[in-house]
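Asker: Below is the file structure.tsv, which contains TSV, N, CA and C atoms.
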chain	number	residue	atom	x	y	z
A	1	MET	N	114.20	91.86	112.87
A	1	MET	CA	113.59	91.28	111.68
A	1	MET	C	112.08	91.50	111.73
A	2	ALA	N	111.54	91.91	110.63
A	2	ALA	CA	110.09	92.09	110.55
A	2	ALA	C	109.43	90.73	110.46
A	3	SER	N	108.32	90.61	111.09
A	3	SER	CA	107.60	89.34	111.06
A	3	SER	C	106.16	89.59	110.69
A	4	SER	N	105.59	88.65	109.95
A	4	SER	CA	104.18	88.80	109.60
A	4	SER	C	103.31	88.64	110.83
A	5	ASN	N	103.89	88.22	111.96
A	5	ASN	CA	103.13	88.09	113.20
A	5	ASN	C	102.80	89.44	113.83
A	6	LEU	N	103.46	90.50	113.39
A	6	LEU	CA	103.17	91.83	113.92
A	6	LEU	C	101.79	92.30	113.51
A	7	TYR	N	101.36	91.86	112.34
A	7	TYR	CA	100.06	92.23	111.80
A	7	TYR	C	99.39	90.96	111.28
A	8	ASP	N	98.08	90.97	111.29
A	8	ASP	CA	97.32	89.85	110.74
A	8	ASP	C	97.22	90.06	109.24
A	9	ILE	N	98.13	89.44	108.50
A	9	ILE	CA	98.12	89.53	107.04
A	9	ILE	C	97.97	88.12	106.48
A	10	ARG	N	97.13	88.01	105.45
A	10	ARG	CA	96.79	86.69	104.92
A	10	ARG	C	96.84	86.67	103.40
A	11	ILE	N	97.19	85.53	102.87
A	11	ILE	CA	97.17	85.31	101.42
A	11	ILE	C	95.72	85.05	101.03
A	12	LYS	N	95.22	85.87	100.11
A	12	LYS	CA	93.82	85.77	99.70
A	12	LYS	C	93.71	85.88	98.18
A	13	LYS	N	92.60	85.41	97.64
A	13	LYS	CA	92.31	85.58	96.22
A	13	LYS	C	91.92	87.04	95.99
A	14	THR	N	92.55	87.66	95.00
A	14	THR	CA	92.28	89.06	94.67
A	14	THR	C	92.01	89.17	93.17
A	15	GLU	N	91.77	90.37	92.70
A	15	GLU	CA	91.53	90.58	91.26
A	15	GLU	C	92.72	90.15	90.41
A	16	ALA	N	93.93	90.26	90.96
A	16	ALA	CA	95.14	89.92	90.21
A	16	ALA	C	95.59	88.47	90.45
A	17	GLY	N	94.79	87.68	91.13
A	17	GLY	CA	95.19	86.31	91.49
A	17	GLY	C	95.29	86.23	93.00
A	18	LEU	N	96.38	85.66	93.50
A	18	LEU	CA	96.60	85.65	94.94
A	18	LEU	C	97.27	86.95	95.34
A	19	GLY	N	96.91	87.45	96.51
A	19	GLY	CA	97.48	88.69	97.01
A	19	GLY	C	97.60	88.62	98.52
A	20	LEU	N	98.23	89.63	99.10
A	20	LEU	CA	98.40	89.70	100.54
A	20	LEU	C	97.48	90.79	101.07
A	21	VAL	N	96.60	90.41	101.99
A	21	VAL	CA	95.59	91.33	102.52
A	21	VAL	C	95.81	91.50	104.01
A	22	SER	N	95.71	92.73	104.48
A	22	SER	CA	95.85	93.01	105.90
A	22	SER	C	94.49	92.90	106.58
A	23	PHE	N	94.47	92.24	107.72
A	23	PHE	CA	93.27	92.19	108.55
A	23	PHE	C	93.53	92.92	109.86
A	24	SER	N	94.50	93.84	109.80
A	24	SER	CA	94.84	94.73	110.91
A	24	SER	C	94.92	96.14	110.36
A	25	PHE	N	94.68	97.14	111.22
A	25	PHE	CA	94.95	98.52	110.85
A	25	PHE	C	96.45	98.73	110.96
A	26	ILE	N	97.06	99.31	109.93
A	26	ILE	CA	98.50	99.56	109.93
A	26	ILE	C	98.73	101.05	109.71
A	27	LYS	N	99.45	101.67	110.63
A	27	LYS	CA	99.75	103.10	110.52
A	27	LYS	C	100.81	103.35	109.44
A	28	LYS	N	100.81	104.56	108.92
A	28	LYS	CA	101.81	105.00	107.94
A	28	LYS	C	103.21	104.86	108.52
A	29	GLY	N	104.14	104.37	107.69
A	29	GLY	CA	105.54	104.28	108.09
A	29	GLY	C	105.91	103.04	108.89
A	30	LYS	N	105.00	102.09	109.00
A	30	LYS	CA	105.27	100.88	109.78
A	30	LYS	C	105.85	99.77	108.91
A	31	THR	N	106.84	99.07	109.43
A	31	THR	CA	107.38	97.91	108.76
A	31	THR	C	106.38	96.77	108.91
A	32	ILE	N	105.99	96.19	107.78
A	32	ILE	CA	104.94	95.18	107.78
A	32	ILE	C	105.51	93.77	107.72
A	33	ILE	N	106.44	93.56	106.81
A	33	ILE	CA	106.98	92.22	106.59
A	33	ILE	C	108.32	92.33	105.87
A	34	GLU	N	109.14	91.32	106.03
A	34	GLU	CA	110.41	91.26	105.30
A	34	GLU	C	110.23	90.39	104.06
A	35	TYR	N	110.82	90.83	102.96
A	35	TYR	CA	110.85	90.03	101.73
A	35	TYR	C	112.04	89.09	101.87
A	36	VAL	N	111.78	87.81	102.02
A	36	VAL	CA	112.84	86.85	102.32
A	36	VAL	C	112.98	85.83	101.20
A	37	GLY	N	114.09	85.14	101.21
A	37	GLY	CA	114.36	84.10	100.23
A	37	GLY	C	115.84	83.80	100.21
A	38	HIS	N	116.26	83.10	99.21
A	38	HIS	CA	117.66	82.73	99.08
A	38	HIS	C	118.44	83.91	98.50
A	39	ARG	N	119.58	84.22	99.13
A	39	ARG	CA	120.45	85.28	98.62
A	39	ARG	C	121.28	84.69	97.49
A	40	VAL	N	121.26	85.35	96.35
A	40	VAL	CA	122.00	84.87	95.18
A	40	VAL	C	122.81	86.02	94.60
A	41	SER	N	123.87	85.67	93.92
A	41	SER	CA	124.71	86.67	93.26
A	41	SER	C	123.97	87.24	92.05
A	42	THR	N	124.13	88.52	91.82
A	42	THR	CA	123.54	89.13	90.63
A	42	THR	C	124.17	88.56	89.37
A	43	LYS	N	125.36	87.96	89.50
A	43	LYS	CA	126.04	87.35	88.35
A	43	LYS	C	125.36	86.06	87.90
A	44	ASN	N	124.52	85.47	88.74
A	44	ASN	CA	123.82	84.23	88.37
A	44	ASN	C	122.86	84.43	87.22
A	45	ASP	N	122.44	85.66	87.01
A	45	ASP	CA	121.46	85.97	85.96
A	45	ASP	C	120.21	85.10	86.08
A	46	LEU	N	119.85	84.81	87.33
A	46	LEU	CA	118.64	84.06	87.61
A	46	LEU	C	117.46	84.97	87.34
A	47	ARG	N	116.60	84.59	86.43
A	47	ARG	CA	115.47	85.44	86.06
A	47	ARG	C	114.17	84.74	86.40
A	48	ASN	N	113.50	85.25	87.37
A	48	ASN	CA	112.13	84.81	87.63
A	48	ASN	C	111.38	86.01	88.20
A	49	ARG	N	110.12	85.88	88.36
A	49	ARG	CA	109.28	87.00	88.77
A	49	ARG	C	109.47	87.40	90.22
A	50	TYR	N	110.23	86.64	90.98
A	50	TYR	CA	110.37	86.91	92.41
A	50	TYR	C	111.77	87.38	92.80
A	51	ILE	N	112.61	87.71	91.82
A	51	ILE	CA	113.95	88.22	92.12
A	51	ILE	C	113.84	89.67	92.56
A	52	PHE	N	114.43	89.98	93.70
A	52	PHE	CA	114.43	91.35	94.22
A	52	PHE	C	115.88	91.79	94.35
A	53	ASN	N	116.26	92.83	93.64
A	53	ASN	CA	117.62	93.33	93.67
A	53	ASN	C	117.88	94.08	94.97
A	54	VAL	N	118.92	93.67	95.71
A	54	VAL	CA	119.30	94.33	96.96
A	54	VAL	C	120.37	95.38	96.69
A	55	ASN	N	121.41	94.98	95.95
A	55	ASN	CA	122.49	95.90	95.61
A	55	ASN	C	123.20	95.38	94.36
A	56	LYS	N	124.35	95.93	94.04
A	56	LYS	CA	125.06	95.55	92.81
A	56	LYS	C	125.51	94.09	92.80
A	57	ARG	N	125.64	93.49	93.99
A	57	ARG	CA	126.16	92.13	94.08
A	57	ARG	C	125.12	91.08	94.45
A	58	ILE	N	124.08	91.48	95.16
A	58	ILE	CA	123.15	90.51	95.76
A	58	ILE	C	121.71	90.74	95.31
A	59	ASP	N	121.05	89.63	94.99
A	59	ASP	CA	119.60	89.59	94.76
A	59	ASP	C	118.99	88.65	95.80
A	60	ILE	N	117.71	88.80	96.03
A	60	ILE	CA	116.97	87.84	96.85
A	60	ILE	C	116.02	87.11	95.92
A	61	ASP	N	116.14	85.79	95.91
A	61	ASP	CA	115.19	84.97	95.15
A	61	ASP	C	114.04	84.64	96.10
A	62	GLY	N	112.96	85.38	95.97
A	62	GLY	CA	111.82	85.25	96.86
A	62	GLY	C	110.79	84.25	96.38
A	63	SER	N	111.17	83.34	95.48
A	63	SER	CA	110.19	82.41	94.92
A	63	SER	C	109.67	81.34	95.88
A	64	PRO	N	110.40	80.96	96.95
A	64	PRO	CA	109.83	79.94	97.85
A	64	PRO	C	108.47	80.39	98.42
A	65	ARG	N	107.55	79.46	98.49
A	65	ARG	CA	106.20	79.80	98.95
A	65	ARG	C	106.17	80.25	100.40
A	66	TRP	N	107.21	79.95	101.18
A	66	TRP	CA	107.25	80.41	102.57
A	66	TRP	C	107.56	81.90	102.67
A	67	ASN	N	107.89	82.53	101.57
A	67	ASN	CA	108.07	83.98	101.53
A	67	ASN	C	106.70	84.63	101.32
A	68	LYS	N	106.03	84.94	102.41
A	68	LYS	CA	104.67	85.49	102.34
A	68	LYS	C	104.64	86.81	101.56
A	69	ALA	N	105.71	87.59	101.63
A	69	ALA	CA	105.76	88.89	100.96
A	69	ALA	C	105.72	88.76	99.43
A	70	ARG	N	106.03	87.58	98.90
A	70	ARG	CA	105.99	87.39	97.44
A	70	ARG	C	104.59	87.56	96.88
A	71	TYR	N	103.57	87.50	97.74
A	71	TYR	CA	102.19	87.60	97.30
A	71	TYR	C	101.69	89.05	97.21
A	72	ILE	N	102.55	90.02	97.54
A	72	ILE	CA	102.15	91.42	97.42
A	72	ILE	C	102.12	91.78	95.93
A	73	ASN	N	100.99	92.26	95.47
A	73	ASN	CA	100.81	92.58	94.06
A	73	ASN	C	101.26	94.00	93.72
A	74	HIS	N	101.44	94.23	92.43
A	74	HIS	CA	101.84	95.53	91.90
A	74	HIS	C	100.66	96.50	91.86
A	75	SER	N	100.96	97.77	92.08
A	75	SER	CA	100.01	98.85	91.82
A	75	SER	C	100.79	100.08	91.40
A	76	CYS	N	100.21	100.83	90.48
A	76	CYS	CA	100.79	102.12	90.08
A	76	CYS	C	100.46	103.19	91.13
A	77	ARG	N	99.58	102.87	92.06
A	77	ARG	CA	99.23	103.73	93.19
A	77	ARG	C	99.31	102.88	94.48
A	78	PRO	N	100.53	102.54	94.91
A	78	PRO	CA	100.71	101.58	96.00
A	78	PRO	C	100.46	102.17	97.39
A	79	ASN	N	100.18	101.27	98.34
A	79	ASN	CA	100.05	101.69	99.74
A	79	ASN	C	101.28	101.26	100.55
A	80	CYS	N	102.22	100.57	99.90
A	80	CYS	CA	103.46	100.13	100.54
A	80	CYS	C	104.65	100.45	99.64
A	81	GLU	N	105.83	100.39	100.23
A	81	GLU	CA	107.05	100.52	99.45
A	81	GLU	C	108.08	99.54	100.00
A	82	ALA	N	109.00	99.16	99.15
A	82	ALA	CA	110.07	98.25	99.55
A	82	ALA	C	111.31	99.08	99.87
A	83	LEU	N	111.86	98.86	101.05
A	83	LEU	CA	113.05	99.59	101.47
A	83	LEU	C	114.17	98.61	101.81
A	84	GLU	N	115.38	98.95	101.40
A	84	GLU	CA	116.55	98.13	101.70
A	84	GLU	C	117.17	98.64	102.99
A	85	ARG	N	117.43	97.73	103.92
A	85	ARG	CA	118.10	98.06	105.18
A	85	ARG	C	119.14	96.99	105.46
A	86	ARG	N	120.40	97.38	105.41
A	86	ARG	CA	121.50	96.46	105.72
A	86	ARG	C	121.43	95.16	104.94
A	87	GLY	N	121.18	95.28	103.66
A	87	GLY	CA	121.16	94.11	102.79
A	87	GLY	C	119.90	93.27	102.86
A	88	ARG	N	118.88	93.81	103.49
A	88	ARG	CA	117.59	93.10	103.59
A	88	ARG	C	116.50	94.01	103.05
A	89	ILE	N	115.40	93.40	102.57
A	89	ILE	CA	114.29	94.16	101.99
A	89	ILE	C	113.08	94.08	102.92
A	90	PHE	N	112.55	95.25	103.26
A	90	PHE	CA	111.38	95.33	104.12
A	90	PHE	C	110.26	96.05	103.39
A	91	ILE	N	109.04	95.61	103.63
A	91	ILE	CA	107.85	96.25	103.07
A	91	ILE	C	107.29	97.16	104.15
A	92	VAL	N	107.15	98.46	103.81
A	92	VAL	CA	106.75	99.49	104.76
A	92	VAL	C	105.52	100.21	104.21
A	93	SER	N	104.61	100.56	105.11
A	93	SER	CA	103.38	101.25	104.68
A	93	SER	C	103.67	102.69	104.30
A	94	LYS	N	103.18	103.12	103.13
A	94	LYS	CA	103.33	104.50	102.66
A	94	LYS	C	102.25	105.40	103.23
A	95	ARG	N	101.16	104.78	103.67
A	95	ARG	CA	100.03	105.51	104.26
A	95	ARG	C	99.34	104.53	105.20
A	96	SER	N	98.36	105.00	105.93
A	96	SER	CA	97.59	104.10	106.79
A	96	SER	C	96.85	103.09	105.92
A	97	ILE	N	96.82	101.86	106.38
A	97	ILE	CA	96.16	100.77	105.65
A	97	ILE	C	95.05	100.22	106.53
A	98	GLN	N	93.87	100.16	105.97
A	98	GLN	CA	92.69	99.69	106.71
A	98	GLN	C	92.62	98.16	106.72
A	99	SER	N	91.97	97.62	107.72
A	99	SER	CA	91.72	96.19	107.77
A	99	SER	C	90.89	95.79	106.54
A	100	GLY	N	91.28	94.72	105.89
A	100	GLY	CA	90.59	94.26	104.68
A	100	GLY	C	91.19	94.78	103.39
A	101	GLU	N	92.19	95.64	103.50
A	101	GLU	CA	92.82	96.25	102.32
A	101	GLU	C	94.00	95.40	101.84
A	102	GLU	N	94.11	95.26	100.52
A	102	GLU	CA	95.22	94.52	99.94
A	102	GLU	C	96.50	95.34	100.03
A	103	LEU	N	97.61	94.67	100.34
A	103	LEU	CA	98.92	95.32	100.35
A	103	LEU	C	99.45	95.36	98.92
A	104	LEU	N	99.94	96.53	98.49
A	104	LEU	CA	100.38	96.74	97.12
A	104	LEU	C	101.63	97.60	97.09
A	105	PHE	N	102.57	97.27	96.21
A	105	PHE	CA	103.69	98.18	95.97
A	105	PHE	C	104.03	98.21	94.49
A	106	ASN	N	104.74	99.26	94.09
A	106	ASN	CA	105.11	99.44	92.69
A	106	ASN	C	106.35	98.60	92.41
A	107	TYR	N	106.25	97.68	91.47
A	107	TYR	CA	107.35	96.77	91.16
A	107	TYR	C	108.49	97.45	90.41
A	108	GLY	N	108.27	98.65	89.91
A	108	GLY	CA	109.32	99.36	89.19
A	108	GLY	C	109.20	99.21	87.69
A	109	LYS	N	109.82	100.15	86.98
A	109	LYS	CA	109.70	100.24	85.52
A	109	LYS	C	110.24	99.00	84.80
A	110	GLU	N	111.39	98.51	85.21
A	110	GLU	CA	112.00	97.36	84.53
A	110	GLU	C	111.08	96.14	84.61
A	111	TYR	N	110.56	95.84	85.79
A	111	TYR	CA	109.65	94.70	85.96
A	111	TYR	C	108.35	94.95	85.19
A	112	PHE	N	107.82	96.17	85.32
A	112	PHE	CA	106.58	96.52	84.63
A	112	PHE	C	106.71	96.29	83.13
A	113	ASP	N	107.79	96.81	82.55
A	113	ASP	CA	107.99	96.67	81.10
A	113	ASP	C	108.15	95.22	80.66
A	114	GLU	N	108.81	94.41	81.48
A	114	GLU	CA	109.08	93.01	81.11
A	114	GLU	C	107.88	92.09	81.32
A	115	TYR	N	107.13	92.29	82.40
A	115	TYR	CA	106.09	91.32	82.75
A	115	TYR	C	104.65	91.83	82.70
A	116	ILE	N	104.45	93.12	82.94
A	116	ILE	CA	103.08	93.62	83.10
A	116	ILE	C	102.56	94.35	81.86
A	117	LYS	N	103.40	95.17	81.26
A	117	LYS	CA	102.99	96.04	80.16
A	117	LYS	C	102.31	95.28	79.01
A	118	THR	N	102.85	94.13	78.65
A	118	THR	CA	102.31	93.39	77.50
A	118	THR	C	100.89	92.88	77.74
A	119	SER	N	100.58	92.50	78.97
A	119	SER	CA	99.23	91.99	79.26
A	119	SER	C	98.32	93.08	79.80
A	120	GLY	N	98.89	94.21	80.16
A	120	GLY	CA	98.10	95.32	80.69
A	120	GLY	C	98.04	95.31	82.20
A	121	CYS	N	98.23	96.46	82.78
A	121	CYS	CA	98.19	96.60	84.23
A	121	CYS	C	96.74	96.55	84.70
A	122	CYS	N	96.48	95.76	85.72
A	122	CYS	CA	95.10	95.64	86.21
A	122	CYS	C	94.91	96.34	87.56
A	123	CYS	N	95.84	97.24	87.91
A	123	CYS	CA	95.69	97.94	89.19
A	123	CYS	C	94.55	98.96	89.09
A	124	GLU	N	94.10	99.41	90.24
A	124	GLU	CA	92.95	100.33	90.31
A	124	GLU	C	93.20	101.62	89.53
A	125	LYS	N	94.42	102.14	89.58
A	125	LYS	CA	94.74	103.39	88.87
A	125	LYS	C	94.61	103.23	87.35
A	126	CYS	N	95.02	102.07	86.84
A	126	CYS	CA	95.04	101.85	85.39
A	126	CYS	C	93.70	101.36	84.83
A	127	ASN	N	92.81	100.91	85.67
A	127	ASN	CA	91.50	100.41	85.19
A	127	ASN	C	90.44	101.47	85.22
Output the structure of this file as structure tokens.

Answerer:
Amino acid sequence: MASSNLYDIRIKKTEAGLGLVSFSFIKKGKTIIEYVGHRVSTKNDLRNRYIFNVNKRIDIDGSPRWNKARYINHSCRPNCEALERRGRIFIVSKRSIQSGEELLFNYGKEYFDEYIKTSGCCCEKCN
């Protein structure tokens, strides 16, 4: 299981609100943290901003505040990606991440269209 104890990552105020910032150097391809929460059936049709689809049957409701990974913000030019491994979601670095850099991943088209597009994307690429 990935643990936030592997790297010094902290919830900080960012341009998009609260975000997750690394205070450690992280090499490309490293597992940083697991996206955790309550496992729910996709049939529940539970809709909130922290639902992460694992497969056709299971979603993870990452809304509890103890899920530190929920604070990772969206970017159209991310430095992380979410990977599914054995029914679990892990956040992995796409490139080396410097100390002081915010962790970012692309939330995907469906999420973007539903939640971000109407208010405008505030990531570095879009501004």

Asker: List as a list in words the protein and nucleic acid residues near Gly29 of chain A, meaning an atom at most 7 Å away when all atoms listed in the file are counted, but skip any in the same chain fewer than 2 places from it.

Answerer: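 The neighbour list is Ile26, Lys27, Thr31, Ile32, Val92, Ser93, Lys94, Arg95 and Ser96 of chain A.
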
Asker: Just the residues within 6 Å of Thr42 of chain A, please, counting only C-alpha atoms, with nothing from its chain fewer than 5 positions along; format it as a list of chain:residue names.

Answerer: A:Arg57, A:Ile58, A:Asp59

Asker: Taking 3 positions as the minimum chain separation for residues in the same chain, which residues sit within 9 Å of Asn48 of chain A when counting only C-alpha atoms? Answer as a PyMOL selection string.

Answerer: chain A and resi 51+61+63

Asker: Nearest residue to Ser22 of chain A out of A:Arg49, A:Asp8, A:Glu34, A:Asn106, using only N, CA and C atoms?

Answerer: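 Among the listed residues, A:Asp8 lies closest to Ser22 of chain A.
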
Asker: For Arg70 of chain A, find every residue with an atom within 7 Å (counting only N, CA and C atoms), except residues of its own chain fewer than 5 positions away, and show them as a PyMOL selection string.

Answerer: chain A and resi 35-36+50+62-63

Asker: Write down as a PyMOL selection string the residues belonging to segment 61-94 of chain A that are assigned strand (DSSP E or B) by DSSP computed on the backbone.

Answerer: chain A and resi 61+73-74+80-85+88-93

Asker: Just N, CA and C atoms for this one: save the residues we selected as a PDB file, in the coordinates of the input.

Answerer:
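File written: again36.pdb
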ATOM      1  N   ASP A  61     116.140  85.790  95.910  1.00  0.00           N
ATOM      2  CA  ASP A  61     115.190  84.970  95.150  1.00  0.00           C
ATOM      3  C   ASP A  61     114.040  84.640  96.100  1.00  0.00           C
ATOM      4  N   ASN A  73     100.990  92.260  95.470  1.00  0.00           N
ATOM      5  CA  ASN A  73     100.810  92.580  94.060  1.00  0.00           C
ATOM      6  C   ASN A  73     101.260  94.000  93.720  1.00  0.00           C
ATOM      7  N   HIS A  74     101.440  94.230  92.430  1.00  0.00           N
ATOM      8  CA  HIS A  74     101.840  95.530  91.900  1.00  0.00           C
ATOM      9  C   HIS A  74     100.660  96.500  91.860  1.00  0.00           C
ATOM     10  N   CYS A  80     102.220 100.570  99.900  1.00  0.00           N
ATOM     11  CA  CYS A  80     103.460 100.130 100.540  1.00  0.00           C
ATOM     12  C   CYS A  80     104.650 100.450  99.640  1.00  0.00           C
ATOM     13  N   GLU A  81     105.830 100.390 100.230  1.00  0.00           N
ATOM     14  CA  GLU A  81     107.050 100.520  99.450  1.00  0.00           C
ATOM     15  C   GLU A  81     108.080  99.540 100.000  1.00  0.00           C
ATOM     16  N   ALA A  82     109.000  99.160  99.150  1.00  0.00           N
ATOM     17  CA  ALA A  82     110.070  98.250  99.550  1.00  0.00           C
ATOM     18  C   ALA A  82     111.310  99.080  99.870  1.00  0.00           C
ATOM     19  N   LEU A  83     111.860  98.860 101.050  1.00  0.00           N
ATOM     20  CA  LEU A  83     113.050  99.590 101.470  1.00  0.00           C
ATOM     21  C   LEU A  83     114.170  98.610 101.810  1.00  0.00           C
ATOM     22  N   GLU A  84     115.380  98.950 101.400  1.00  0.00           N
ATOM     23  CA  GLU A  84     116.550  98.130 101.700  1.00  0.00           C
ATOM     24  C   GLU A  84     117.170  98.640 102.990  1.00  0.00           C
ATOM     25  N   ARG A  85     117.430  97.730 103.920  1.00  0.00           N
ATOM     26  CA  ARG A  85     118.100  98.060 105.180  1.00  0.00           C
ATOM     27  C   ARG A  85     119.140  96.990 105.460  1.00  0.00           C
ATOM     28  N   ARG A  88     118.880  93.810 103.490  1.00  0.00           N
ATOM     29  CA  ARG A  88     117.590  93.100 103.590  1.00  0.00           C
ATOM     30  C   ARG A  88     116.500  94.010 103.050  1.00  0.00           C
ATOM     31  N   ILE A  89     115.400  93.400 102.570  1.00  0.00           N
ATOM     32  CA  ILE A  89     114.290  94.160 101.990  1.00  0.00           C
ATOM     33  C   ILE A  89     113.080  94.080 102.920  1.00  0.00           C
ATOM     34  N   PHE A  90     112.550  95.250 103.260  1.00  0.00           N
ATOM     35  CA  PHE A  90     111.380  95.330 104.120  1.00  0.00           C
ATOM     36  C   PHE A  90     110.260  96.050 103.390  1.00  0.00           C
ATOM     37  N   ILE A  91     109.040  95.610 103.630  1.00  0.00           N
ATOM     38  CA  ILE A  91     107.850  96.250 103.070  1.00  0.00           C
ATOM     39  C   ILE A  91     107.290  97.160 104.150  1.00  0.00           C
ATOM     40  N   VAL A  92     107.150  98.460 103.810  1.00  0.00           N
ATOM     41  CA  VAL A  92     106.750  99.490 104.760  1.00  0.00           C
ATOM     42  C   VAL A  92     105.520 100.210 104.210  1.00  0.00           C
ATOM     43  N   SER A  93     104.610 100.560 105.110  1.00  0.00           N
ATOM     44  CA  SER A  93     103.380 101.250 104.680  1.00  0.00           C
ATOM     45  C   SER A  93     103.670 102.690 104.300  1.00  0.00           C
TER      46      SER A  93
END

Asker: Go ahead and compute the interatomic distance for atom C of Asn73 of chain A and atom N of Ile9 of chain A, in Å to one decimal.

Answerer: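 Computing the Euclidean distance for atom C of Asn73 of chain A and atom N of Ile9 of chain A yields 15.8 Å.
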
Asker: Leaving out Phe25 of chain A and any residue of its chain fewer than 3 positions from it, which residues lie within 6 Å of it when counting all atoms listed in the file, given as number ranges by chain?

Answerer: A: 97-99

Asker: Taking only C-alpha atoms into account, name the residue in A:Thr14, A:Gly37, A:Arg85, A:Lys30 that is nearest to Arg65 of chain A.

Answerer: A:Gly37
